[in-house]
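Reproduced below: model18.cif, with mmCIF, C-alpha atoms.
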```
data_upload
loop_
_atom_site.label_atom_id
_atom_site.label_comp_id
_atom_site.auth_asym_id
_atom_site.auth_seq_id
_atom_site.Cartn_x
_atom_site.Cartn_y
_atom_site.Cartn_z
CA MET A 22 23.21 9.58 4.09
CA SER A 23 23.15 8.58 0.46
CA ASN A 24 26.47 7.43 -0.82
CA ASP A 25 26.74 7.80 -4.55
CA ASN A 26 29.00 4.83 -5.08
CA ASP A 27 26.84 2.50 -3.14
CA ILE A 28 23.79 1.14 -4.90
CA ILE A 29 21.39 -0.53 -2.56
CA LEU A 30 19.93 -3.50 -4.38
CA SER A 31 16.21 -3.76 -4.34
CA SER A 32 14.84 -6.51 -2.21
CA ALA A 33 13.40 -8.21 -5.26
CA THR A 34 16.89 -8.85 -6.54
CA SER A 35 18.31 -10.03 -3.28
CA MET A 36 15.32 -12.22 -2.46
CA SER A 37 15.43 -14.12 -5.71
CA THR A 38 18.90 -15.34 -4.77
CA LEU A 39 17.66 -16.85 -1.53
CA THR A 40 17.43 -20.61 -1.57
CA ILE A 41 15.55 -23.15 0.47
CA ASN A 42 18.75 -24.01 2.28
CA GLU A 43 19.17 -20.55 3.64
CA VAL A 44 18.45 -20.53 7.34
CA SER A 45 19.02 -17.43 9.36
CA LYS A 46 21.54 -17.53 12.15
CA ASP A 47 19.20 -18.09 15.02
CA GLY A 48 16.52 -19.93 13.14
CA PHE A 49 14.11 -17.05 12.91
CA GLY A 50 13.16 -14.76 10.11
CA TYR A 51 11.19 -15.02 6.96
CA ASN A 52 12.70 -16.75 3.97
CA PRO A 53 10.28 -16.13 1.12
CA SER A 54 11.35 -19.24 -0.74
CA VAL A 55 10.30 -21.38 2.20
CA GLY A 56 7.55 -19.30 3.70
CA PRO A 57 6.58 -19.17 7.33
CA GLN A 58 8.02 -22.61 7.98
CA SER A 59 11.41 -21.02 8.18
CA ASN A 60 10.87 -20.55 11.91
CA ILE A 61 12.63 -23.82 12.54
CA ILE A 62 13.07 -24.57 16.19
CA THR A 63 16.69 -25.50 16.62
CA PRO A 64 18.07 -26.40 20.06
CA GLU A 65 19.65 -22.96 20.17
CA ALA A 66 16.42 -21.29 19.22
CA SER A 67 14.35 -23.16 21.77
CA THR A 68 16.68 -22.26 24.63
CA PHE A 69 16.42 -18.68 23.59
CA LEU A 70 12.66 -18.83 23.32
CA LEU A 71 12.21 -20.53 26.65
CA SER A 72 14.44 -18.05 28.38
CA SER A 73 12.95 -14.98 26.80
CA LYS A 74 9.84 -13.31 28.11
CA LYS A 75 8.41 -12.98 24.67
CA SER A 76 7.01 -16.12 23.18
CA ILE A 77 5.86 -17.00 19.71
CA ILE A 78 3.17 -19.28 20.98
CA THR A 79 1.08 -17.14 23.17
CA ASN A 80 -2.11 -17.45 25.11
CA ASN A 81 -2.90 -13.85 24.53
CA PRO A 82 -6.11 -13.79 22.47
CA ASN A 83 -4.99 -10.52 20.99
CA SER A 84 -1.85 -11.91 19.42
CA ILE A 85 -1.74 -11.64 15.67
CA TYR A 86 -1.76 -15.43 15.33
CA ASP A 87 -5.08 -15.80 17.08
CA LYS A 88 -7.03 -13.34 15.07
CA ASN A 89 -9.43 -14.56 12.48
CA ILE A 90 -8.19 -13.23 9.20
CA ILE A 91 -10.79 -14.93 7.05
CA ASN A 92 -13.94 -13.43 8.50
CA LYS A 93 -12.30 -10.27 9.68
CA LYS A 94 -14.40 -7.17 9.38
CA ASN A 95 -12.97 -5.18 6.57
CA LEU A 96 -11.48 -1.98 7.91
CA GLU A 97 -11.36 1.03 5.70
CA ILE A 98 -9.20 4.09 5.73
CA SER A 99 -8.94 7.25 3.71
CA LEU A 100 -7.40 7.05 0.26
CA SER A 101 -5.61 10.31 1.04
CA SER A 102 -3.58 8.67 3.78
CA LEU A 103 -2.28 6.10 1.35
CA ALA A 104 -1.63 8.76 -1.27
CA PHE A 105 0.37 10.84 1.23
CA LEU A 106 2.38 7.83 2.26
CA PHE A 107 3.00 6.80 -1.33
CA CYS A 108 4.17 10.29 -2.17
CA GLU A 109 6.77 10.13 0.60
CA MET A 110 7.85 6.69 -0.60
CA VAL A 111 8.45 8.02 -4.08
CA ASN A 112 10.34 10.91 -2.52
CA TRP A 113 12.55 8.64 -0.49
CA CYS A 114 13.27 6.31 -3.41
CA HIS A 115 13.95 9.32 -5.59
CA SER A 116 16.47 10.86 -3.21
CA ASN A 117 18.40 7.59 -3.14
CA SER A 118 18.22 6.66 -6.77
CA LYS A 119 20.54 7.26 -9.66
CA GLY A 120 17.98 7.66 -12.38
CA ILE A 121 14.53 6.85 -13.57
CA GLN A 122 15.32 3.18 -14.07
CA ASP A 123 16.76 2.87 -10.60
CA LEU A 124 13.81 4.70 -9.07
CA GLU A 125 11.40 2.30 -10.74
CA THR A 126 13.41 -0.68 -9.53
CA ARG A 127 13.19 0.62 -5.98
CA LEU A 128 9.45 1.17 -6.20
CA ASN A 129 9.11 -2.27 -7.68
CA GLY A 130 11.06 -3.69 -4.74
CA LEU A 131 8.76 -2.00 -2.23
CA GLY A 132 5.72 -3.38 -4.02
CA TYR A 133 7.26 -6.83 -4.23
CA GLN A 134 7.14 -7.23 -0.46
CA VAL A 135 3.51 -6.20 -0.44
CA GLY A 136 2.62 -8.66 -3.19
CA GLN A 137 4.25 -11.60 -1.45
CA ARG A 138 2.19 -11.06 1.67
CA TYR A 139 -1.01 -10.04 0.01
CA ILE A 140 -1.27 -13.12 -2.19
CA GLU A 141 -0.93 -15.29 0.91
CA LEU A 142 -3.71 -13.41 2.64
CA ILE A 143 -6.05 -13.37 -0.33
CA LYS A 144 -5.43 -17.02 -1.09
CA LEU A 145 -6.38 -17.88 2.48
CA ARG A 146 -9.56 -15.88 2.17
CA GLU A 147 -10.66 -16.58 -1.35
CA GLY A 148 -8.80 -19.76 -2.20
CA PHE A 149 -10.99 -22.01 -0.13
CA LYS A 150 -14.08 -20.72 -1.90
CA THR A 151 -12.87 -21.94 -5.26
CA ASN A 152 -11.18 -24.91 -3.66
CA LYS A 153 -8.44 -25.09 -6.24
CA ARG A 154 -4.96 -23.94 -6.91
CA GLU A 155 -4.09 -22.14 -10.11
CA VAL A 156 -1.48 -24.16 -11.96
CA LYS A 157 -1.63 -22.60 -15.40
CA ILE A 158 -0.49 -19.18 -16.49
CA VAL A 159 -3.89 -18.14 -17.73
CA GLU A 160 -5.56 -19.25 -14.52
CA ILE A 161 -3.22 -17.34 -12.23
CA LEU A 162 -3.49 -14.27 -14.43
CA GLN A 163 -7.25 -14.39 -14.23
CA PHE A 164 -6.95 -14.67 -10.47
CA ILE A 165 -4.63 -11.64 -10.32
CA HIS A 166 -6.75 -9.65 -12.76
CA GLY A 167 -9.99 -10.49 -10.97
CA THR A 168 -10.06 -11.59 -7.34
CA PHE A 169 -6.65 -10.27 -6.34
CA TRP A 170 -7.14 -6.85 -7.92
CA LYS A 171 -10.61 -6.54 -6.45
CA ALA A 172 -9.41 -7.34 -2.96
CA ILE A 173 -6.63 -4.78 -3.11
CA PHE A 174 -8.05 -1.95 -5.13
CA GLY A 175 -11.77 -2.56 -4.82
CA LYS A 176 -12.31 -3.15 -8.54
CA THR A 177 -11.06 -5.62 -11.10
CA ALA A 178 -8.44 -4.56 -13.63
CA ASN A 179 -9.68 -3.50 -17.03
CA GLU A 180 -8.09 -5.76 -19.61
CA LEU A 181 -6.09 -8.92 -19.70
CA GLU A 182 -4.34 -9.68 -22.98
CA LYS A 183 -1.74 -11.98 -24.39
CA SER A 184 1.01 -10.54 -26.52
CA GLN A 185 0.66 -11.41 -30.20
CA ASP A 186 4.35 -11.34 -30.98
CA VAL A 187 6.19 -12.59 -27.96
CA LEU A 188 5.61 -15.92 -26.31
CA ASN A 189 5.19 -15.72 -22.54
CA GLU A 190 4.21 -12.08 -22.48
CA TYR A 191 0.92 -10.91 -21.08
CA MET A 192 -0.57 -7.54 -20.30
CA ILE A 193 -2.93 -6.35 -17.60
CA THR A 194 -4.39 -2.90 -18.10
CA ASP A 195 -5.76 -0.56 -15.49
CA ASN A 196 -7.48 2.59 -16.71
CA VAL A 197 -7.26 4.42 -13.39
CA PRO A 198 -4.43 2.98 -11.29
CA LEU A 199 -5.23 3.76 -7.68
CA MET A 200 -1.75 4.53 -6.41
CA SER A 201 -0.81 7.03 -9.10
CA LYS A 202 -4.13 8.81 -9.06
CA PHE A 203 -2.69 11.97 -7.55
CA ILE A 204 0.70 11.87 -9.18
CA SER A 205 1.67 13.92 -12.17
CA ILE A 206 5.01 13.28 -13.74
CA PRO A 207 7.19 16.29 -14.60
CA LYS A 208 8.28 16.46 -18.23
CA GLU A 209 11.94 15.77 -17.52
CA TYR A 210 10.96 12.42 -16.03
CA GLY A 211 9.30 11.39 -19.27
CA GLU A 212 9.16 7.62 -19.00
CA LEU A 213 8.69 7.33 -15.26
CA ASN A 214 5.57 5.56 -14.12
CA CYS A 215 5.05 5.34 -10.37
CA SER A 216 2.81 2.35 -10.90
CA ALA A 217 6.10 0.48 -10.84
CA PHE A 218 5.03 -0.06 -7.26
CA MET A 219 1.91 -1.88 -8.43
CA ALA A 220 3.99 -3.83 -10.92
CA GLY A 221 6.06 -4.91 -7.94
CA ILE A 222 2.94 -6.12 -6.16
CA ILE A 223 2.02 -8.27 -9.15
CA GLU A 224 5.56 -9.57 -9.46
CA GLY A 225 5.72 -10.49 -5.79
CA ALA A 226 2.38 -12.27 -6.00
CA LEU A 227 3.34 -14.21 -9.13
CA ASP A 228 6.77 -15.17 -7.81
CA SER A 229 5.23 -16.43 -4.57
CA SER A 230 2.87 -18.60 -6.59
CA ALA A 231 5.86 -20.04 -8.46
CA PHE A 232 5.06 -18.25 -11.69
CA PHE A 233 8.36 -16.47 -12.03
CA ALA A 234 7.97 -13.27 -13.91
CA ASN A 235 9.21 -9.77 -14.51
CA VAL A 236 6.56 -7.08 -14.39
CA THR A 237 6.96 -3.53 -15.63
CA ALA A 238 4.53 -0.62 -15.80
CA HIS A 239 4.07 1.51 -18.90
CA SER A 240 1.89 4.55 -19.42
CA VAL A 241 -0.40 4.17 -22.41
CA PRO A 242 -2.87 7.02 -22.13
CA ILE A 243 -6.05 7.07 -24.19
CA THR A 244 -8.72 9.73 -24.36
CA GLY A 245 -10.59 9.92 -21.11
CA TYR A 246 -7.96 7.93 -19.22
CA PRO A 247 -4.73 9.92 -19.05
CA LEU A 248 -3.29 7.63 -16.36
CA ARG A 249 -4.05 4.35 -18.11
CA THR A 250 -1.25 1.93 -17.36
CA VAL A 251 -0.28 -1.34 -18.96
CA PHE A 252 1.48 -3.88 -16.77
CA LEU A 253 3.70 -5.97 -18.98
CA ILE A 254 4.24 -9.42 -17.54
CA LYS A 255 7.15 -11.43 -18.90
CA PHE A 256 7.20 -14.98 -17.63
CA ASP A 257 10.38 -16.92 -17.21
CA ASP A 258 11.22 -19.26 -20.11
CA SER A 259 11.13 -22.30 -17.87
CA LEU A 260 7.39 -21.76 -17.44
CA SER A 261 6.62 -22.54 -21.07
CA ILE A 262 8.12 -25.99 -20.61
CA ARG A 263 6.06 -26.56 -17.50
CA GLU A 264 3.01 -25.23 -19.27
CA SER A 265 3.44 -27.66 -22.16
CA LEU A 266 3.76 -30.58 -19.76
CA ARG A 267 0.51 -29.65 -18.09
CA SER A 268 -1.59 -29.10 -21.20
CA MET B 9 -19.21 20.63 26.61
CA SER B 10 -16.42 20.73 24.14
CA LYS B 11 -16.61 22.65 20.96
CA SER B 12 -15.57 19.73 18.83
CA SER B 13 -19.14 18.49 18.93
CA LYS B 14 -19.88 21.21 16.41
CA TYR B 15 -17.93 19.20 13.91
CA ASN B 16 -18.83 15.61 13.38
CA GLY B 17 -15.98 13.34 12.36
CA ASP B 18 -18.35 10.46 11.63
CA ASP B 19 -20.37 12.45 9.14
CA ILE B 20 -17.31 13.69 7.32
CA TRP B 21 -15.90 10.18 7.25
CA LYS B 22 -19.13 8.77 5.86
CA ASN B 23 -19.91 11.35 3.23
CA ASN B 24 -16.79 13.16 2.28
CA VAL B 25 -13.90 10.70 2.23
CA GLU B 26 -12.85 8.37 -0.53
CA LYS B 27 -12.12 5.08 1.17
CA ILE B 28 -9.89 2.13 0.46
CA ASN B 29 -9.12 -1.20 2.03
CA SER B 30 -6.89 -0.63 5.05
CA GLU B 31 -4.81 -3.74 4.42
CA LEU B 32 -3.14 -2.23 1.37
CA PHE B 33 -2.08 0.66 3.59
CA THR B 34 -0.87 -1.63 6.35
CA LEU B 35 1.25 -3.74 4.04
CA THR B 36 2.59 -0.72 2.21
CA TYR B 37 3.66 0.94 5.42
CA GLY B 38 5.25 -2.29 6.57
CA SER B 39 7.15 -2.50 3.34
CA VAL B 40 8.45 1.04 3.86
CA VAL B 41 9.65 0.41 7.40
CA ALA B 42 11.32 -2.85 6.39
CA GLN B 43 13.05 -1.14 3.48
CA LEU B 44 14.25 1.71 5.69
CA CYS B 45 15.69 -0.80 8.14
CA ARG B 46 17.63 -2.31 5.25
CA ASP B 47 18.65 1.05 3.78
CA PHE B 48 19.96 2.23 7.14
CA ASN B 49 21.55 -1.09 7.90
CA ASN B 50 19.39 -1.65 10.99
CA ASN B 51 20.34 1.63 12.58
CA TYR B 52 16.92 2.11 14.15
CA HIS B 53 17.58 5.64 15.38
CA GLU B 54 18.11 6.66 11.78
CA VAL B 55 14.95 4.79 10.79
CA ASN B 56 12.92 6.62 13.44
CA ASN B 57 14.35 9.91 12.23
CA GLN B 58 13.55 9.20 8.62
CA LEU B 59 9.99 8.10 9.44
CA ASP B 60 9.55 11.27 11.45
CA LYS B 61 10.79 13.36 8.52
CA MET B 62 8.44 11.62 6.12
CA GLY B 63 5.59 12.20 8.54
CA TYR B 64 6.50 15.86 8.90
CA ASN B 65 6.34 16.33 5.13
CA ILE B 66 2.98 14.61 5.09
CA GLY B 67 1.68 16.75 7.96
CA LEU B 68 2.58 19.99 6.19
CA ARG B 69 0.30 19.04 3.33
CA LEU B 70 -2.27 16.99 5.17
CA ILE B 71 -3.45 19.98 7.23
CA GLU B 72 -4.69 21.65 4.09
CA GLU B 73 -6.98 18.76 3.20
CA PHE B 74 -8.06 18.55 6.82
CA LEU B 75 -9.11 22.20 6.97
CA ALA B 76 -10.80 22.05 3.58
CA LYS B 77 -12.86 18.99 4.49
CA THR B 78 -13.78 19.91 8.03
CA GLY B 79 -13.93 23.70 8.13
CA VAL B 80 -12.60 23.60 11.66
CA ARG B 81 -11.95 27.06 13.10
CA ARG B 82 -9.17 28.17 15.38
CA CYS B 83 -9.16 26.36 18.71
CA GLN B 84 -9.15 28.34 21.92
CA THR B 85 -7.32 25.87 24.10
CA PHE B 86 -4.91 23.01 23.64
CA ARG B 87 -7.53 20.71 25.14
CA GLU B 88 -9.84 21.60 22.31
CA THR B 89 -7.07 21.05 19.80
CA SER B 90 -6.42 17.57 21.13
CA GLU B 91 -10.11 16.69 20.88
CA ILE B 92 -10.18 17.80 17.27
CA ILE B 93 -7.04 15.79 16.51
CA SER B 94 -8.45 12.59 17.89
CA LYS B 95 -12.14 12.79 17.04
CA ILE B 96 -11.83 14.38 13.63
CA GLY B 97 -8.23 14.19 12.43
CA PHE B 98 -7.55 10.54 13.23
CA LYS B 99 -11.12 9.63 12.34
CA ILE B 100 -11.13 10.96 8.81
CA PHE B 101 -7.63 9.86 7.87
CA LEU B 102 -7.17 6.57 9.70
CA ASN B 103 -10.72 5.78 10.82
CA ILE B 104 -9.70 5.36 14.45
CA VAL B 105 -10.38 7.55 17.46
CA PRO B 106 -7.59 7.59 20.04
CA THR B 107 -8.48 8.46 23.61
CA ILE B 108 -6.88 11.40 25.34
CA GLU B 109 -5.75 11.26 28.91
CA ASN B 110 -2.97 12.04 31.32
CA TRP B 111 -3.27 15.79 31.20
CA SER B 112 -0.54 17.65 32.97
CA SER B 113 -1.66 20.30 35.44
CA ASP B 114 -0.72 23.16 33.12
CA ASN B 115 -2.85 21.66 30.33
CA LYS B 116 0.06 21.60 27.95
CA THR B 117 0.91 17.93 27.86
CA CYS B 118 -1.32 14.98 27.15
CA SER B 119 -1.30 11.42 25.86
CA LEU B 120 -3.03 9.93 22.86
CA ILE B 121 -3.82 6.26 23.35
CA LEU B 122 -4.13 4.49 20.01
CA PRO B 123 -6.78 1.78 19.91
CA GLU B 124 -5.98 -1.71 18.63
CA PRO B 125 -6.00 -2.80 15.92
CA ASN B 126 -4.79 0.31 14.23
CA PRO B 127 -4.15 0.43 10.50
CA LEU B 128 -0.41 0.93 10.84
CA THR B 129 0.34 -2.09 12.95
CA GLU B 130 -2.18 -4.73 11.99
CA PHE B 131 -0.37 -8.00 11.10
CA VAL B 132 2.82 -6.55 12.51
CA GLU B 133 5.21 -8.17 14.89
CA LEU B 134 8.76 -7.10 15.52
CA PRO B 135 11.13 -9.94 14.68
CA ILE B 136 12.06 -12.09 17.65
CA THR B 137 15.81 -12.30 17.68
CA THR B 138 18.54 -12.96 20.16
CA ASP B 139 19.45 -9.32 19.76
CA SER B 140 16.64 -7.31 21.31
CA LYS B 141 17.92 -4.05 19.84
CA ILE B 142 14.96 -3.65 17.51
CA SER B 143 12.33 -3.76 20.23
CA LYS B 144 14.29 -1.28 22.32
CA GLU B 145 15.06 1.23 19.62
CA LEU B 146 12.54 1.13 16.79
CA TRP B 147 9.32 3.10 17.10
CA TYR B 148 7.41 1.39 14.34
CA SER B 149 4.68 4.03 13.96
CA GLN B 150 6.98 7.02 14.35
CA ILE B 151 5.56 8.49 11.15
CA LEU B 152 2.47 9.55 13.13
CA CYS B 153 4.57 11.81 15.36
CA GLY B 154 5.95 13.54 12.30
CA VAL B 155 2.49 14.01 10.85
CA LEU B 156 1.17 15.59 14.05
CA ARG B 157 4.20 17.83 14.42
CA GLY B 158 4.01 19.00 10.81
CA ALA B 159 0.28 19.57 10.77
CA LEU B 160 0.23 21.43 14.08
CA GLN B 161 3.12 23.61 13.05
CA MET B 162 1.07 24.81 10.12
CA VAL B 163 -1.58 26.07 12.52
CA GLN B 164 0.99 27.94 14.62
CA LEU B 165 1.42 25.31 17.32
CA ASP B 166 4.93 24.25 18.18
CA VAL B 167 4.62 20.81 19.73
CA ASP B 168 6.89 17.95 20.68
CA VAL B 169 5.45 14.58 19.77
CA ASN B 170 6.93 11.27 20.70
CA PHE B 171 6.03 7.69 21.49
CA VAL B 172 6.34 6.52 25.05
CA LYS B 173 4.74 3.09 24.73
CA ASP B 174 4.06 0.69 21.90
CA VAL B 175 2.16 -2.59 22.01
CA LEU B 176 4.61 -3.98 19.46
CA ARG B 177 7.38 -3.64 22.03
CA GLY B 178 5.36 -5.58 24.54
CA ASP B 179 3.86 -2.59 26.35
CA ASP B 180 0.27 -2.72 27.54
CA ARG B 181 -0.83 0.00 25.15
CA THR B 182 0.33 2.37 22.45
CA GLU B 183 0.79 5.88 23.72
CA ILE B 184 1.88 9.08 22.02
CA ARG B 185 2.89 12.03 24.18
CA LEU B 186 2.00 15.50 22.95
CA LYS B 187 3.66 18.53 24.48
CA LEU B 188 2.78 22.10 23.55
CA ASN B 189 5.88 24.27 23.60
CA LYS B 190 4.41 27.53 22.48
CA VAL B 191 1.89 29.12 20.23
CA LEU B 192 3.75 30.68 17.34
CA LYS B 193 2.90 34.20 16.32
CA ASP B 194 1.08 34.67 13.07
CA GLU B 195 3.70 35.74 10.64
CA ILE B 196 3.25 38.98 8.88
CA PRO B 197 3.64 38.55 5.15
CA ALA B 198 6.98 39.82 3.89
CA GLY B 199 7.02 43.36 2.58
CA GLU B 200 4.45 44.78 4.97
CA ASP B 201 5.30 47.00 7.86
#
```

For this file, produce the structure as structure tokens.
Amino acid sequence: MSNDNDIILSSATSMSTLTINEVSKDGFGYNPSVGPQSNIITPEASTFLLSSKKSIITNNPNSIYDKNIINKKNLEISLSSLAFLFCEMVNWCHSNSKGIQDLETRLNGLGYQVGQRYIELIKLREGFKTNKREVKIVEILQFIHGTFWKAIFGKTANELEKSQDVLNEYMITDNVPLMSKFISIPKEYGELNCSAFMAGIIEGALDSSAFFANVTAHSVPITGYPLRTVFLIKFDDSLSIRESLRS
Amino acid sequence: MSKSSKYNGDDIWKNNVEKINSELFTLTYGSVVAQLCRDFNNNYHEVNNQLDKMGYNIGLRLIEEFLAKTGVRRCQTFRETSEIISKIGFKIFLNIVPTIENWSSDNKTCSLILPEPNPLTEFVELPITTDSKISKELWYSQILCGVLRGALQMVQLDVDVNFVKDVLRGDDRTEIRLKLNKVLKDEIPAGED
């Protein structure tokens, strides 16, 4: 099905162009810049809802809106299942991509959607414990590096550093990135790092928290940790202005 | 008494499986399906096909890990096979145990009923739109059919696997239909007469 002339933009790119004023045709759908509120009930929408058998507001105790997501028992599954799925994702992105860069962008896009949703979930669960909202770059990075990472991967990330040379650049290091654990990169794909998916998760989470950033994954192996990956986080310039106002 | 009791899915799950948080899996799978819908321009038949293909590729490799971890021997009947699939296969990979029912009289067709919540569809709802195409055409968890088909093919069972019901579509339960077409002959390695 792949058409060589037709690049499919990653969702990350298309989503960043969405604005608050964007409302889908029939009032439904998820606009990430507005969040769940985008389900505006217009006259059109309400007629449709009332006439349809399916209803958003439901009395069914099993509907996803009625489940307790804060005290939910934590379900576990096998790491292999995720690894198998991830492998197929890389495969699919690879068969549609034009090169290493493009492949990483696609993986990043897939992760982006995960990050957007996950930060919402983890904030609901953990946010009320700390009872505060992270408003500074360092705070949100600590949250991502600690709580967020722990909730997703079951451990905190290894290092969190600030770049010496470039303003607005930070690095999170993971010695054994979970998703790429079973992936070995063939020589001809030299620079490829499948943790681009994880970079996408971080980017989605940061963007949703209004810390606009670009995140890329780079392999920096050291002895004992051949898969060690550095996630380079480049914040948008506008953030340094905001940061200076808040300090 | 079925033979599957020889093998204990719970024990293998507890002692021999590296585990992760299921939510990461759920969200990742959701992201894949959403991306496929975009890539195929909401042609849900194509999406189902692609998910099935991905599952098939997974199944071909997954069976190896399954056999290595469980040491399950050749099953004598398809009934036994189905027990192993649900009590051990689903248990050690997805940590759920579907129930098996609806056997046909020739013992070649049965249904797997997936319990809720299952790790593929937690948090999931098909978008409510004026166009109900998605809830008529998309089988959200189609990847499972591919996995079963691929894995069973590697143990010489040619089966048809497809969804007949899905809670996401508003059905009362999620049901996968398994149909045994034939038992393939063991292939003789090339070069031997």

Should the cut-off be 8 Å, what would the residue list for chain A against chain B look like, counting all atoms listed in the file, as a ChimeraX atom specification? /A:29,47,49-50,69,75,85,95-103,105-106,109-110,131-132,134-135,138-139,172-175

Filtering to C-alpha atoms, could you give me those residues as a PDB file, in the frame of the given file?
```
ATOM      1  CA  ILE A  29      21.390  -0.530  -2.560  1.00  0.00           C
ATOM      2  CA  ASP A  47      19.200 -18.090  15.020  1.00  0.00           C
ATOM      3  CA  PHE A  49      14.110 -17.050  12.910  1.00  0.00           C
ATOM      4  CA  GLY A  50      13.160 -14.760  10.110  1.00  0.00           C
ATOM      5  CA  PHE A  69      16.420 -18.680  23.590  1.00  0.00           C
ATOM      6  CA  LYS A  75       8.410 -12.980  24.670  1.00  0.00           C
ATOM      7  CA  ILE A  85      -1.740 -11.640  15.670  1.00  0.00           C
ATOM      8  CA  ASN A  95     -12.970  -5.180   6.570  1.00  0.00           C
ATOM      9  CA  LEU A  96     -11.480  -1.980   7.910  1.00  0.00           C
ATOM     10  CA  GLU A  97     -11.360   1.030   5.700  1.00  0.00           C
ATOM     11  CA  ILE A  98      -9.200   4.090   5.730  1.00  0.00           C
ATOM     12  CA  SER A  99      -8.940   7.250   3.710  1.00  0.00           C
ATOM     13  CA  LEU A 100      -7.400   7.050   0.260  1.00  0.00           C
ATOM     14  CA  SER A 101      -5.610  10.310   1.040  1.00  0.00           C
ATOM     15  CA  SER A 102      -3.580   8.670   3.780  1.00  0.00           C
ATOM     16  CA  LEU A 103      -2.280   6.100   1.350  1.00  0.00           C
ATOM     17  CA  PHE A 105       0.370  10.840   1.230  1.00  0.00           C
ATOM     18  CA  LEU A 106       2.380   7.830   2.260  1.00  0.00           C
ATOM     19  CA  GLU A 109       6.770  10.130   0.600  1.00  0.00           C
ATOM     20  CA  MET A 110       7.850   6.690  -0.600  1.00  0.00           C
ATOM     21  CA  LEU A 131       8.760  -2.000  -2.230  1.00  0.00           C
ATOM     22  CA  GLY A 132       5.720  -3.380  -4.020  1.00  0.00           C
ATOM     23  CA  GLN A 134       7.140  -7.230  -0.460  1.00  0.00           C
ATOM     24  CA  VAL A 135       3.510  -6.200  -0.440  1.00  0.00           C
ATOM     25  CA  ARG A 138       2.190 -11.060   1.670  1.00  0.00           C
ATOM     26  CA  TYR A 139      -1.010 -10.040   0.010  1.00  0.00           C
ATOM     27  CA  ALA A 172      -9.410  -7.340  -2.960  1.00  0.00           C
ATOM     28  CA  ILE A 173      -6.630  -4.780  -3.110  1.00  0.00           C
ATOM     29  CA  PHE A 174      -8.050  -1.950  -5.130  1.00  0.00           C
ATOM     30  CA  GLY A 175     -11.770  -2.560  -4.820  1.00  0.00           C
TER      31      GLY A 175
END
```

What separation in Å, quoted to one decimal, exists between CA of Ser149 (chain B) and CA of Phe98 (chain B)? 13.9 Å

Quick one: everything within 7 Å of region 177-180 of chain A, counting all atoms listed in the file, minus sequence neighbours fewer than 2 positions away in the same chain. Send it as a ChimeraX atom specification. /A:166-167,170-171,182,193-196

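Selection result for the displayed file, with the PyMOL selection byres ((chain B and resi 171) around 9) as criterion, is Trp147, Ser149, Gln150, Cys153, Val169, Asn170, Val172, Lys173, Asp174, Thr182, Glu183, Ile184, Arg185 and Leu186 of chain B.
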
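Rounded to one decimal, CA of Val251 (chain A) and CA of Ala238 (chain A) lie 5.8 Å from each other.
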
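CA of Gln122 (chain A) sits 24.0 Å away from CA of Ile243 (chain A).
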
Explicit residues for the PyMOL selection byres ((chain A and resi 267) around 12) (as an NGL selection string): :A and (155-158 or 260-266 or 268)

Would you output that residue set with C-alpha atoms, as a PDB file, in the frame of the given file?
```pdb
ATOM      1  CA  GLU A 155      -4.090 -22.140 -10.110  1.00  0.00           C
ATOM      2  CA  VAL A 156      -1.480 -24.160 -11.960  1.00  0.00           C
ATOM      3  CA  LYS A 157      -1.630 -22.600 -15.400  1.00  0.00           C
ATOM      4  CA  ILE A 158      -0.490 -19.180 -16.490  1.00  0.00           C
ATOM      5  CA  LEU A 260       7.390 -21.760 -17.440  1.00  0.00           C
ATOM      6  CA  SER A 261       6.620 -22.540 -21.070  1.00  0.00           C
ATOM      7  CA  ILE A 262       8.120 -25.990 -20.610  1.00  0.00           C
ATOM      8  CA  ARG A 263       6.060 -26.560 -17.500  1.00  0.00           C
ATOM      9  CA  GLU A 264       3.010 -25.230 -19.270  1.00  0.00           C
ATOM     10  CA  SER A 265       3.440 -27.660 -22.160  1.00  0.00           C
ATOM     11  CA  LEU A 266       3.760 -30.580 -19.760  1.00  0.00           C
ATOM     12  CA  SER A 268      -1.590 -29.100 -21.200  1.00  0.00           C
TER      13      SER A 268
END
```

Pick out the residues sitting within 9 Å of Pro247 (chain A), and hand them over as a count of residues only; count all atoms listed in the file, and ignore anything fewer than 6 positions along from it in its own chain. 4

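Candidate residues B:Lys95, B:Ser140, B:Leu128, B:Phe86 were compared for distance to Lys190 (chain B), and the nearest is B:Phe86, using only C-alpha atoms.
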
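The set of residues that the PyMOL selection byres ((chain A and resi 202) around 10) takes from this file is A:Ala104, A:Val197, A:Pro198, A:Leu199, A:Met200, A:Ser201, A:Phe203, A:Ile204, A:Ser205, A:Cys215, A:Ser216, A:Leu248.
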
Quick one: write out the picked residues with C-alpha atoms as an mmCIF file, in the frame of the given file?
```cif
data_model
loop_
_atom_site.group_PDB
_atom_site.id
_atom_site.type_symbol
_atom_site.label_atom_id
_atom_site.label_comp_id
_atom_site.auth_asym_id
_atom_site.auth_seq_id
_atom_site.Cartn_x
_atom_site.Cartn_y
_atom_site.Cartn_z
ATOM 1 C CA ALA A 104 -1.630 8.760 -1.270
ATOM 2 C CA VAL A 197 -7.260 4.420 -13.390
ATOM 3 C CA PRO A 198 -4.430 2.980 -11.290
ATOM 4 C CA LEU A 199 -5.230 3.760 -7.680
ATOM 5 C CA MET A 200 -1.750 4.530 -6.410
ATOM 6 C CA SER A 201 -0.810 7.030 -9.100
ATOM 7 C CA PHE A 203 -2.690 11.970 -7.550
ATOM 8 C CA ILE A 204 0.700 11.870 -9.180
ATOM 9 C CA SER A 205 1.670 13.920 -12.170
ATOM 10 C CA CYS A 215 5.050 5.340 -10.370
ATOM 11 C CA SER A 216 2.810 2.350 -10.900
ATOM 12 C CA LEU A 248 -3.290 7.630 -16.360
#
```
